[in-house]
Every structure is written in C-alpha cells, then in structure tokens.
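Working notes, beginning with the structure itself.
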Amino acid sequence: MSTASTRLPEGRYGRSSDARSDRTLKVVGAVLGVALLALVGFFGYHYVGQNKISAEVIEFDATQDAVKVHLEVRKDAGASGYCTLRSQAENGAEVGRADFRFDGDATRIDKVVTLRTTSQGTTAELLGCHAD
C-alpha cells in the first residue's frame with residue numbers, strides 16, 4: 001500500500017505561519033536598523049557639528065618645572081573657549097593641569113603655552129576643548 005501525504009498542497013491554502021513570521025521579523029529588523037542609523041547620525045552630528053573649538057598638540061618640550069606645549073587650535077570665527085592640558089610624571093602621577101583660553105576672530109591659532117608642573121613632566125596631553 002502507498003502512504004498518504006500529510007502535507008497540504010502547495011499554494012492552495014495561502015502562506016504558512018512560518019512565512020508570515022519571517023516577513024514580520026524582516027520588517028521589525030529593518031525598522032530597528034533605520035532607527036539605529038538615525039540615532040548614530042544624530043549623535044555624530046551633535047558631536048562634530050556642534051563642537052565649535054578643537055585643538056591638537058603639535059609638540060612639547062618638558063623641563064624641570066614646566067612643559068612648553070605647541071597647540072594648534074581650530075575654532076569658529078568669534079567663538080571663545082578653553083582647552084585643558086595636563087602633564088604626567090614618568091610614574092603616571094599628574095604633575096600639572098591648566099586651562100588655556102582662546103578667543104578672537106581667528107579661526108586657526110598656533111600658540112606655544114607653558115604648563116607649570118610640580119616636578120619633571122614627561123607628557124603633554126590635551127584633555128579636551130570647550131566652547132563658552
């Protein structure tokens with residue numbers, strides 16, 4: 001004797017529940033993906049687009065009680081703010097920290113600033129810049 005098929009004929013009764021759930025998962029995944037991209041774009045714009053002052057340490061020269069730091073500051077015309085620098089000793093202890101103010105109409109400023117230290121500093125680290 002032959003055995004009877006337990007499967008339904010193809011295309012006769014519509015889609016199976018597995019196909020419906022697969023489509024729902026695809027739609028939910030696409031919506032979540034678009035939401036994630038929008039969130040990353042918003043935070044990226046806020047960080048890059050709204051930052052009105054930034055700087056970069058070009059070079060530094062450490063002496064016994066100070067560190068001379070050559071900074072290149074880029075900012076919007078007319079914006080004012082400050083950049084925070086710190087220096088650490090060879091053992092990692094912080095030996096100096098100071099804020100340096102930048103204002104005026106120039107959009108690019110090259111300046112050598114002097115960071116006073118309590119002992120010999122071996123680094124000059126830019127912690128960040130903040131607009132007023």
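Chain labels follow the order of the structure tokens: the first chain is A, the next B, and so on; residue numbering restarts at 1 in every chain, and ligands are counted from 1 in their shown order.
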>> Could you list, as a PyMOL selection string, every residue within 10 Å of Ser80 of chain A, counting only C-alpha atoms and ignoring same-chain residues fewer than 4 positions away?
In response: chain A and resi 52-53+75-76+101-105+130-132
Quick one: everything within 7 Å of Arg116 of chain A, counting only C-alpha atoms, minus sequence neighbours fewer than 4 positions away in the same chain. Send it as a CSV table (one decimal) with N, CA, C and O atoms, in the first residue's frame.
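result.csv was written with the following content:
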```csv
chain,number,residue,atom,x,y,z
A,65,ASP,N,60.5,72.2,35.7
A,65,ASP,CA,59.3,72.7,36.4
A,65,ASP,C,58.2,73.2,35.4
A,65,ASP,O,57.2,73.9,35.9
A,66,ALA,N,58.3,72.9,34.2
A,66,ALA,CA,57.3,73.3,33.2
A,66,ALA,C,57.3,72.5,31.9
A,66,ALA,O,58.3,71.8,31.7
A,67,VAL,N,56.2,72.5,31.2
A,67,VAL,CA,56.2,71.9,29.9
A,67,VAL,C,55.7,72.9,28.9
A,67,VAL,O,54.6,73.5,29.1
A,96,GLY,N,50.8,68.4,36.6
A,96,GLY,CA,50.4,69.7,36.1
A,96,GLY,C,49.1,69.6,35.3
A,96,GLY,O,48.9,68.7,34.5
```
> What separation in Å, quoted to one decimal, exists between atom CA of Lys68 of chain A and atom CA of Leu126 of chain A?
Replying inline: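 Computed distance, atom CA of Lys68 of chain A to atom CA of Leu126 of chain A, equals 12.7 Å.
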> If you count only C-alpha atoms, which residues fall within 9 Å of Asp99 of chain A, apart from same-chain ones fewer than 6 positions away, as a PyMOL selection string?
Replying inline: chain A and resi 82-86
>> Can you measure atom CA of Ser119 of chain A to atom CA of Asp61 of chain A for me? One decimal in Å is fine.
In response: 13.9 Å
Picked from segment 16-123 of chain A by DSSP as helix (DSSP H, G or I), as a compact mmCIF listing (two decimals) with N, CA and C atoms, in the first residue's frame:
```
# COMPACT_ATOMS: atom_id res chain seq x y z
N SER A 17 2.24 29.89 8.52
CA SER A 17 2.52 30.83 9.61
C SER A 17 4.03 31.15 9.67
N ASP A 18 4.89 30.24 9.24
CA ASP A 18 6.33 30.50 9.23
C ASP A 18 6.68 31.61 8.26
N ALA A 19 6.06 31.66 7.12
CA ALA A 19 6.34 32.71 6.15
C ALA A 19 5.87 34.06 6.68
N ARG A 20 4.73 34.09 7.36
CA ARG A 20 4.24 35.34 7.94
C ARG A 20 5.18 35.84 9.02
N SER A 21 5.66 34.96 9.88
CA SER A 21 6.56 35.38 10.95
C SER A 21 7.91 35.81 10.38
N ASP A 22 8.38 35.16 9.31
CA ASP A 22 9.62 35.60 8.67
C ASP A 22 9.49 37.02 8.14
N ARG A 23 8.37 37.32 7.51
CA ARG A 23 8.15 38.67 6.96
C ARG A 23 8.08 39.69 8.09
N THR A 24 7.42 39.35 9.18
CA THR A 24 7.32 40.26 10.33
C THR A 24 8.70 40.52 10.92
N LEU A 25 9.51 39.50 11.03
CA LEU A 25 10.87 39.68 11.56
C LEU A 25 11.70 40.57 10.64
N LYS A 26 11.55 40.42 9.34
CA LYS A 26 12.29 41.26 8.40
C LYS A 26 11.88 42.72 8.53
N VAL A 27 10.58 42.97 8.66
CA VAL A 27 10.09 44.35 8.81
C VAL A 27 10.58 44.95 10.12
N VAL A 28 10.49 44.21 11.21
CA VAL A 28 10.95 44.71 12.51
C VAL A 28 12.46 44.97 12.47
N GLY A 29 13.23 44.09 11.87
CA GLY A 29 14.67 44.29 11.74
C GLY A 29 15.02 45.52 10.92
N ALA A 30 14.29 45.74 9.84
CA ALA A 30 14.55 46.92 9.01
C ALA A 30 14.24 48.20 9.77
N VAL A 31 13.13 48.22 10.50
CA VAL A 31 12.76 49.41 11.28
C VAL A 31 13.80 49.68 12.37
N LEU A 32 14.23 48.65 13.07
CA LEU A 32 15.27 48.84 14.10
C LEU A 32 16.59 49.29 13.50
N GLY A 33 16.95 48.77 12.34
CA GLY A 33 18.18 49.19 11.67
C GLY A 33 18.14 50.66 11.28
N VAL A 34 17.02 51.11 10.73
CA VAL A 34 16.87 52.52 10.36
C VAL A 34 16.91 53.40 11.60
N ALA A 35 16.28 52.97 12.69
CA ALA A 35 16.30 53.74 13.93
C ALA A 35 17.72 53.85 14.49
N LEU A 36 18.48 52.77 14.42
CA LEU A 36 19.86 52.80 14.90
C LEU A 36 20.71 53.74 14.06
N LEU A 37 20.56 53.69 12.74
CA LEU A 37 21.31 54.61 11.87
C LEU A 37 20.95 56.06 12.16
N ALA A 38 19.67 56.34 12.38
CA ALA A 38 19.26 57.71 12.70
C ALA A 38 19.86 58.17 14.02
N LEU A 39 19.91 57.31 15.01
CA LEU A 39 20.49 57.65 16.30
C LEU A 39 21.99 57.92 16.19
N VAL A 40 22.70 57.07 15.47
CA VAL A 40 24.14 57.28 15.26
C VAL A 40 24.38 58.58 14.50
N GLY A 41 23.56 58.87 13.50
CA GLY A 41 23.70 60.10 12.74
C GLY A 41 23.43 61.33 13.60
N PHE A 42 22.44 61.26 14.47
CA PHE A 42 22.12 62.39 15.35
C PHE A 42 23.28 62.68 16.30
N PHE A 43 23.80 61.64 16.96
CA PHE A 43 24.91 61.85 17.89
C PHE A 43 26.18 62.28 17.15
N GLY A 44 26.42 61.75 15.97
CA GLY A 44 27.58 62.17 15.19
C GLY A 44 27.49 63.64 14.80
N TYR A 45 26.33 64.07 14.35
CA TYR A 45 26.15 65.49 14.01
C TYR A 45 26.32 66.36 15.24
N HIS A 46 25.74 65.94 16.35
CA HIS A 46 25.83 66.74 17.57
C HIS A 46 27.28 66.87 18.02
N TYR A 47 28.06 65.81 17.92
CA TYR A 47 29.45 65.84 18.36
C TYR A 47 30.32 66.64 17.40
N VAL A 48 30.19 66.40 16.11
CA VAL A 48 31.05 67.06 15.13
C VAL A 48 30.53 68.45 14.77
N GLY A 49 29.26 68.56 14.51
CA GLY A 49 28.69 69.81 14.06
C GLY A 49 28.60 70.88 15.12
```
> At what distance in Å, to one decimal, does atom CA of Cys129 of chain A lie from atom CA of Gly81 of chain A?
Replying inline: 7.2 Å
> What's the 8 Å shell around Arg74 of chain A, counting only C-alpha atoms, without same-chain residues fewer than 3 positions away, as a list in words?
Replying inline: Ile53, Ser54, Ala55, Thr107, Arg108 and Ile109 of chain A
Serialized selection, all heavy atoms, as a PDB file, in the first residue's frame:
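Contents of the output file again_2.pdb:
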```pdb
ATOM      1  N   ILE A  53      35.137  74.468  19.004  1.00  0.00           N
ATOM      2  CA  ILE A  53      36.563  74.664  19.234  1.00  0.00           C
ATOM      3  C   ILE A  53      37.224  73.298  19.414  1.00  0.00           C
ATOM      4  O   ILE A  53      36.689  72.432  20.096  1.00  0.00           O
ATOM      5  CB  ILE A  53      36.810  75.586  20.453  1.00  0.00           C
ATOM      6  CG1 ILE A  53      38.296  75.864  20.644  1.00  0.00           C
ATOM      7  CG2 ILE A  53      36.195  75.042  21.696  1.00  0.00           C
ATOM      8  CD1 ILE A  53      38.580  76.957  21.648  1.00  0.00           C
ATOM      9  N   SER A  54      38.348  73.110  18.741  1.00  0.00           N
ATOM     10  CA  SER A  54      39.114  71.872  18.887  1.00  0.00           C
ATOM     11  C   SER A  54      40.586  72.216  18.754  1.00  0.00           C
ATOM     12  O   SER A  54      40.944  73.255  18.223  1.00  0.00           O
ATOM     13  CB  SER A  54      38.702  70.838  17.838  1.00  0.00           C
ATOM     14  OG  SER A  54      38.999  71.307  16.550  1.00  0.00           O
ATOM     15  N   ALA A  55      41.426  71.338  19.239  1.00  0.00           N
ATOM     16  CA  ALA A  55      42.865  71.609  19.227  1.00  0.00           C
ATOM     17  C   ALA A  55      43.638  70.313  19.051  1.00  0.00           C
ATOM     18  O   ALA A  55      43.084  69.218  19.164  1.00  0.00           O
ATOM     19  CB  ALA A  55      43.287  72.309  20.512  1.00  0.00           C
ATOM     20  N   THR A 107      40.292  81.868  13.053  1.00  0.00           N
ATOM     21  CA  THR A 107      39.734  80.511  13.032  1.00  0.00           C
ATOM     22  C   THR A 107      40.808  79.450  13.272  1.00  0.00           C
ATOM     23  O   THR A 107      40.476  78.308  13.547  1.00  0.00           O
ATOM     24  CB  THR A 107      39.031  80.226  11.699  1.00  0.00           C
ATOM     25  OG1 THR A 107      39.972  80.391  10.641  1.00  0.00           O
ATOM     26  CG2 THR A 107      37.854  81.160  11.503  1.00  0.00           C
ATOM     27  N   ARG A 108      42.067  79.824  13.142  1.00  0.00           N
ATOM     28  CA  ARG A 108      43.171  78.896  13.388  1.00  0.00           C
ATOM     29  C   ARG A 108      44.239  79.627  14.175  1.00  0.00           C
ATOM     30  O   ARG A 108      44.701  80.692  13.758  1.00  0.00           O
ATOM     31  CB  ARG A 108      43.739  78.389  12.072  1.00  0.00           C
ATOM     32  CG  ARG A 108      44.818  77.349  12.238  1.00  0.00           C
ATOM     33  CD  ARG A 108      45.271  76.818  10.876  1.00  0.00           C
ATOM     34  NE  ARG A 108      46.402  75.968  11.028  1.00  0.00           N
ATOM     35  CZ  ARG A 108      47.664  76.382  11.022  1.00  0.00           C
ATOM     36  NH1 ARG A 108      47.934  77.652  10.847  1.00  0.00           N
ATOM     37  NH2 ARG A 108      48.654  75.529  11.162  1.00  0.00           N
ATOM     38  N   ILE A 109      44.619  79.080  15.310  1.00  0.00           N
ATOM     39  CA  ILE A 109      45.603  79.717  16.182  1.00  0.00           C
ATOM     40  C   ILE A 109      46.712  78.720  16.472  1.00  0.00           C
ATOM     41  O   ILE A 109      46.449  77.608  16.926  1.00  0.00           O
ATOM     42  CB  ILE A 109      44.955  80.165  17.508  1.00  0.00           C
ATOM     43  CG1 ILE A 109      43.809  81.137  17.254  1.00  0.00           C
ATOM     44  CG2 ILE A 109      45.983  80.778  18.437  1.00  0.00           C
ATOM     45  CD1 ILE A 109      42.948  81.399  18.473  1.00  0.00           C
TER      46      ILE A 109
END
```
> Could you write out, as a PyMOL selection string, all the residues of segment 14-131 of chain A that DSSP marks as strand (DSSP E)?
Replying inline: chain A and resi 53-62+66-75+81-88+94-102+108-116+125-131
>> Which residues are near Thr118 of chain A? Cut-off 10 Å, only C-alpha atoms, ignore same chain within fewer than 3 positions. Put them as number ranges by chain.
In response: A: 64-66, 87-89, 94-96, 121
Filtering to N, CA and C atoms, could you give me those residues as a PDB file, in the first residue's frame?
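The result, stored in result-v1.pdb:
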```pdb
ATOM      1  N   GLN A  64      62.367  70.968  33.953  1.00  0.00           N
ATOM      2  CA  GLN A  64      62.235  70.524  35.344  1.00  0.00           C
ATOM      3  C   GLN A  64      60.914  70.962  35.981  1.00  0.00           C
ATOM      4  N   ASP A  65      60.455  72.189  35.714  1.00  0.00           N
ATOM      5  CA  ASP A  65      59.260  72.688  36.400  1.00  0.00           C
ATOM      6  C   ASP A  65      58.173  73.191  35.442  1.00  0.00           C
ATOM      7  N   ALA A  66      58.268  72.870  34.165  1.00  0.00           N
ATOM      8  CA  ALA A  66      57.254  73.308  33.205  1.00  0.00           C
ATOM      9  C   ALA A  66      57.311  72.450  31.946  1.00  0.00           C
ATOM     10  N   SER A  87      49.954  67.242  32.365  1.00  0.00           N
ATOM     11  CA  SER A  87      51.235  66.573  32.223  1.00  0.00           C
ATOM     12  C   SER A  87      51.358  65.531  33.322  1.00  0.00           C
ATOM     13  N   GLN A  88      52.012  64.433  32.993  1.00  0.00           N
ATOM     14  CA  GLN A  88      52.220  63.359  33.955  1.00  0.00           C
ATOM     15  C   GLN A  88      53.705  63.087  34.106  1.00  0.00           C
ATOM     16  N   ALA A  89      54.071  62.619  35.298  1.00  0.00           N
ATOM     17  CA  ALA A  89      55.446  62.211  35.554  1.00  0.00           C
ATOM     18  C   ALA A  89      55.677  60.839  34.953  1.00  0.00           C
ATOM     19  N   GLU A  94      49.933  62.727  38.010  1.00  0.00           N
ATOM     20  CA  GLU A  94      49.695  64.021  37.363  1.00  0.00           C
ATOM     21  C   GLU A  94      50.512  65.091  38.084  1.00  0.00           C
ATOM     22  N   VAL A  95      51.326  65.837  37.317  1.00  0.00           N
ATOM     23  CA  VAL A  95      52.171  66.867  37.914  1.00  0.00           C
ATOM     24  C   VAL A  95      51.768  68.270  37.469  1.00  0.00           C
ATOM     25  N   GLY A  96      50.832  68.380  36.550  1.00  0.00           N
ATOM     26  CA  GLY A  96      50.365  69.700  36.135  1.00  0.00           C
ATOM     27  C   GLY A  96      49.097  69.604  35.309  1.00  0.00           C
ATOM     28  N   GLY A 121      57.797  66.731  34.235  1.00  0.00           N
ATOM     29  CA  GLY A 121      56.740  66.113  33.464  1.00  0.00           C
ATOM     30  C   GLY A 121      57.309  65.404  32.242  1.00  0.00           C
TER      31      GLY A 121
END
```
